[in-house]
Amino acid sequence: MPITDNAPPTSHRDAGERFAAYERALEQAGLDSRPVGILDLDDFDANAADLLRRAGPKPIRVASKSLRIRSAVQRALQLPGFAGVLAYSLPEAIWLAESGIQDVVMGYPCTDPVALRALAGHEQAREQVTLMVDDTAQLDALAAPGHPPLQIAVELDAAYRPMRGVGIGAARSPLRSAAQIAALGAAIVHRPNLSLVGMMAYEGQIAGVPNAGPGPRGAVVRAMQRASAADIAERRALAVEALGAMAELRFVNGGGTGSLESTAAEPAVTEVAAGSGLIGPGLFDGYRKFMPRPALHFGLQVVRRPDPRTITVHGGGWIASGPAGTDRLPIVAWPQGLKYRGSEGPGEVQTPLVGAAAASMRLGDTVYFRHAKAGEPAEHLNEVAVYSRGSIVGQWATYRGEGKAFL
């Protein structure tokens, strides 16, 4: 697996200075334990500014699954232009509302009766949390007699289907047309305790598929994304028009980090969503129009030297979700000149690394990695050290560190 720092564009010397600064700051703060997560706040804020630039006048709803650090969510929400959260779990949404975060929209449906009962009995959360639905069956548990009022949004399928039997994008909502959306909308407004307040559509085939590749493949991806953007813009406008005839929508959410420009340009869209762009994980290195800074790294300790050109770090099997492939492996960010040993790869409790840089590594040294996805490192760490301008300025607990495991 090739090794690169993947910072936009960064020389070997620049990368060395970056990680030397991290090491000095961690040492000065007395943070000697490994693994360690380090969140570069300066890069996080720079990424936030770039997301706002790309979104234009449309506000950005923070996708919490790409952070899973409550203080990072709150940091983004303090910046003008960010508003509200797109949550991935109803217990998470309730917890965020309890902590004072306002306007939390569920990005996914929930059919868990325990979580739904918790929401029904929590007045503060009901005021701040909007449930997502895409099927009338999901409404049955929400509209029982005596059930308290709930806010509801519907999801439009944004996958691109250029011909029968061909679908490009995430398998999400079954609702593709304005007529289907309107039918579900009518089922919502006819239930007295449900309020139809919004709609979302996530075009993952644009927002989450790198398009900077050279040659025919890159050209095909870009052509697909242009056609898909036109398709979803037309269908989304019709769906919003249909829903608008029966309720006043508070929001129409769309897009993600990779599609901010095209989604924000749609008149029917009132807000866009982003989260990964704040972190700059490995899967977001390959876009043409933007290049987020790598703001989050994790460091693992060298504990073995099987031979002069091999070192072994403790842990490392932090494989990203999605289709199995080398792009789901953590990127070895520093030292440059290390790569995975082909017969093992990153392991659950140890990861051998080979290459010229191994010769100069000592037991106890730290190897720094970038995860392929933005939020998943938080499932392995209790906290991250927050770095800014040469110093560790705080430690932020992850969801895991706060005792929360939502999925």
# chains A, B, ... in the order shown; residues from 1 in each chain; ligands from 1
$ select_by_dssp --residues "segment 132-371 of chain A" --states "helix (DSSP H, G or I)" --output "ChimeraX atom specification"
/A:136-139,178-189,204-207,215-244,257-264,276-279,282-284,326-328,356-360
$ residues_around --residues "Leu238 of chain A" --least-positions-apart "3" --cutoff "9 Å" --atoms "only C-alpha atoms" --output "PyMOL selection string"
chain A and resi 177-179+233-235+241-243+268
$ residues_around --residues "Val313 of chain A" --least-positions-apart "6" --cutoff "6 Å" --atoms "only C-alpha atoms" --output "ChimeraX atom specification"
/A:300-303,350-351
$ closest_residue --among "A:Ala25, A:Leu52, A:Ala245, A:Ile69" --to "Trp396 of chain A" --atoms "only C-alpha atoms"
A:Ile69
$ atom_distance --atom1 "atom CA of Gly255 of chain A" --atom2 "atom CA of Arg54 of chain A"
12.0 Å
$ closest_residue --among "A:Leu26, A:Ala48, A:Leu119, A:Leu184" --to "Ser276 of chain A" --atoms "only C-alpha atoms"
A:Ala48
$ closest_atom_pairs --of "segment 245-351 of chain A" --to "segment 370-388 of chain A" --cutoff "9 Å" --atoms "only C-alpha atoms" --output "CSV"
residue,atom,partner,partner_atom,distance
A:Gly275,CA,A:Ala374,CA,7.8
A:Ser276,CA,A:Ala374,CA,5.2
A:Gly277,CA,A:Ala374,CA,8.3
A:Leu278,CA,A:Ala374,CA,8.4
A:Ile279,CA,A:Ala374,CA,5.8
A:Gly280,CA,A:Ala374,CA,6.9
A:Pro281,CA,A:Ala374,CA,5.1
A:Gly282,CA,A:Ala372,CA,4.2
A:Leu283,CA,A:Ala372,CA,5.2
A:Phe284,CA,A:Ala372,CA,8.1
A:Pro294,CA,A:Arg370,CA,7.7
A:Leu296,CA,A:Arg370,CA,6.8
A:His297,CA,A:Arg370,CA,5.0
A:Phe298,CA,A:Arg370,CA,6.5
A:Gly299,CA,A:Arg370,CA,9.0
A:Trp318,CA,A:Pro377,CA,7.2
A:Ile319,CA,A:Ala372,CA,7.8
A:Ala320,CA,A:Ala372,CA,6.0
A:Ser321,CA,A:Lys373,CA,8.0
A:Asp327,CA,A:Ala372,CA,6.9
A:Arg328,CA,A:Ala372,CA,5.5
A:Leu329,CA,A:Ala372,CA,6.3
A:Pro330,CA,A:His371,CA,4.5
A:Ile331,CA,A:Arg370,CA,5.0
A:Val332,CA,A:Arg370,CA,6.6
A:Ala333,CA,A:Arg370,CA,6.2
$ select_by_dssp --residues "segment 61-293 of chain A" --states "strand (DSSP E)" --output "PyMOL selection string"
chain A and resi 61-63+82-87+104-106+129-133+150-155+160-163+166-168+194-201+251-254+271-274
$ closest_atom_pairs --of "segment 173-255 of chain A" --to "segment 153-157 of chain A" --cutoff "8 Å" --atoms "only C-alpha atoms" --output "tab-separated table"
residue	atom	partner	partner_atom	distance
A:Ser173	CA	A:Asp157	CA	4.8
A:Pro174	CA	A:Asp157	CA	6.2
A:Leu175	CA	A:Leu156	CA	5.4
A:Arg176	CA	A:Asp157	CA	5.1
A:Ser177	CA	A:Leu156	CA	7.8
A:Ile181	CA	A:Leu156	CA	7.0
A:Leu184	CA	A:Val154	CA	7.8
A:Gly185	CA	A:Val154	CA	7.5
A:Leu196	CA	A:Ala153	CA	5.9
A:Val197	CA	A:Ala153	CA	5.7
A:Gly198	CA	A:Ala153	CA	4.4
A:Met199	CA	A:Val154	CA	4.8
A:Met200	CA	A:Glu155	CA	4.9
A:Ala201	CA	A:Leu156	CA	5.0
A:Tyr202	CA	A:Asp157	CA	7.4
A:Arg236	CA	A:Leu156	CA	7.5
A:Ala239	CA	A:Leu156	CA	7.9
$ write_last_selection --atoms "C-alpha atoms" --output "mmCIF file, in the first residue's frame"
data_model
loop_
_atom_site.group_PDB
_atom_site.id
_atom_site.type_symbol
_atom_site.label_atom_id
_atom_site.label_comp_id
_atom_site.auth_asym_id
_atom_site.auth_seq_id
_atom_site.Cartn_x
_atom_site.Cartn_y
_atom_site.Cartn_z
ATOM 1 C CA SER A 173 -35.532 5.426 0.682
ATOM 2 C CA PRO A 174 -37.975 3.549 -1.598
ATOM 3 C CA LEU A 175 -39.572 6.871 -2.559
ATOM 4 C CA ARG A 176 -38.334 8.115 -5.934
ATOM 5 C CA SER A 177 -41.136 10.246 -7.342
ATOM 6 C CA ILE A 181 -43.477 11.476 -1.585
ATOM 7 C CA LEU A 184 -46.477 9.583 2.366
ATOM 8 C CA GLY A 185 -46.832 13.275 3.142
ATOM 9 C CA LEU A 196 -44.626 17.295 8.470
ATOM 10 C CA VAL A 197 -41.711 19.722 8.744
ATOM 11 C CA GLY A 198 -39.023 18.696 6.270
ATOM 12 C CA MET A 199 -37.542 16.551 3.527
ATOM 13 C CA MET A 200 -34.083 15.203 2.855
ATOM 14 C CA ALA A 201 -32.285 13.430 0.015
ATOM 15 C CA TYR A 202 -28.691 12.221 0.190
ATOM 16 C CA ARG A 236 -36.221 17.065 -5.589
ATOM 17 C CA ALA A 239 -41.125 16.514 -4.471
#
$ atom_distance --atom1 "atom CA of Phe251 of chain A" --atom2 "atom CA of Glu271 of chain A"
6.9 Å
$ atom_distance --atom1 "atom CA of Val367 of chain A" --atom2 "atom CA of Arg341 of chain A"
14.8 Å
$ closest_residue --among "A:Asp50, A:Glu248, A:Glu402, A:Asp14" --to "Trp95 of chain A" --atoms "only C-alpha atoms"
A:Glu402
$ residues_around --residues "Glu27 of chain A" --least-positions-apart "3" --cutoff "12 Å" --atoms "only C-alpha atoms" --output "list in words"
Ala20, Ala21, Tyr22, Glu23, Arg24, Gly30, Leu31, Asp32, Ser33, Val36, Thr366, Ala385, Gly390, Ser391 and Ile392 of chain A
$ closest_residue --among "A:Gly254, A:Gln205, A:Pro210, A:Leu41" --to "Gly167 of chain A" --atoms "only C-alpha atoms"
A:Gln205
$ closest_residue --among "A:Thr257, A:Ser64, A:Gln151, A:Gln102" --to "Met291 of chain A" --atoms "only C-alpha atoms"
A:Thr257
$ closest_residue --among "A:Leu51, A:Ala143, A:Ala87, A:Leu407" --to "Glu261 of chain A" --atoms "only C-alpha atoms"
A:Leu51
$ residues_around --residues "Thr310 of chain A" --least-positions-apart "3" --cutoff "8 Å" --atoms "only C-alpha atoms" --output "ChimeraX atom specification"
/A:305-307,352-355,358-359
$ decode --residues "segment 164-185 of chain A" --atoms "N, CA and C atoms" --output "compact mmCIF listing (two decimals), in the first residue's frame"
# COMPACT_ATOMS: atom_id res chain seq x y z
N ARG A 164 -33.46 0.90 -16.44
CA ARG A 164 -34.07 -0.13 -15.62
C ARG A 164 -33.02 -1.14 -15.16
N GLY A 165 -33.03 -1.43 -13.86
CA GLY A 165 -32.11 -2.42 -13.32
C GLY A 165 -30.74 -1.88 -12.95
N VAL A 166 -30.49 -0.59 -13.21
CA VAL A 166 -29.20 0.02 -12.90
C VAL A 166 -29.41 1.10 -11.84
N GLY A 167 -28.82 0.91 -10.68
CA GLY A 167 -28.91 1.90 -9.61
C GLY A 167 -27.53 2.27 -9.10
N ILE A 168 -27.23 3.55 -9.06
CA ILE A 168 -25.94 4.05 -8.61
C ILE A 168 -26.18 4.93 -7.40
N GLY A 169 -25.72 4.49 -6.25
CA GLY A 169 -25.93 5.26 -5.03
C GLY A 169 -26.36 4.35 -3.90
N ALA A 170 -26.57 4.95 -2.74
CA ALA A 170 -26.91 4.19 -1.55
C ALA A 170 -28.34 3.67 -1.63
N ALA A 171 -28.55 2.48 -1.06
CA ALA A 171 -29.90 1.90 -0.97
C ALA A 171 -30.58 2.49 0.26
N ARG A 172 -31.33 3.55 0.06
CA ARG A 172 -31.95 4.24 1.18
C ARG A 172 -33.47 4.22 1.01
N SER A 173 -34.07 5.34 0.74
CA SER A 173 -35.53 5.43 0.68
C SER A 173 -36.10 4.71 -0.55
N PRO A 174 -37.30 4.11 -0.42
CA PRO A 174 -37.97 3.55 -1.60
C PRO A 174 -38.75 4.59 -2.40
N LEU A 175 -38.76 5.82 -1.94
CA LEU A 175 -39.57 6.87 -2.56
C LEU A 175 -38.76 7.64 -3.60
N ARG A 176 -39.10 7.47 -4.87
CA ARG A 176 -38.33 8.11 -5.93
C ARG A 176 -39.07 9.27 -6.60
N SER A 177 -40.38 9.26 -6.59
CA SER A 177 -41.14 10.25 -7.34
C SER A 177 -41.87 11.21 -6.42
N ALA A 178 -42.28 12.34 -7.00
CA ALA A 178 -43.06 13.31 -6.25
C ALA A 178 -44.39 12.71 -5.81
N ALA A 179 -44.98 11.84 -6.65
CA ALA A 179 -46.25 11.22 -6.28
C ALA A 179 -46.08 10.32 -5.06
N GLN A 180 -44.99 9.57 -5.00
CA GLN A 180 -44.76 8.70 -3.85
C GLN A 180 -44.51 9.52 -2.59
N ILE A 181 -43.73 10.59 -2.72
CA ILE A 181 -43.48 11.48 -1.59
C ILE A 181 -44.78 12.11 -1.11
N ALA A 182 -45.62 12.54 -2.06
CA ALA A 182 -46.88 13.18 -1.68
C ALA A 182 -47.80 12.20 -0.96
N ALA A 183 -47.80 10.95 -1.37
CA ALA A 183 -48.66 9.96 -0.71
C ALA A 183 -48.25 9.77 0.74
N LEU A 184 -46.94 9.72 0.99
CA LEU A 184 -46.48 9.58 2.37
C LEU A 184 -46.75 10.87 3.14
N GLY A 185 -46.54 12.00 2.48
CA GLY A 185 -46.83 13.28 3.14
C GLY A 185 -48.29 13.36 3.59
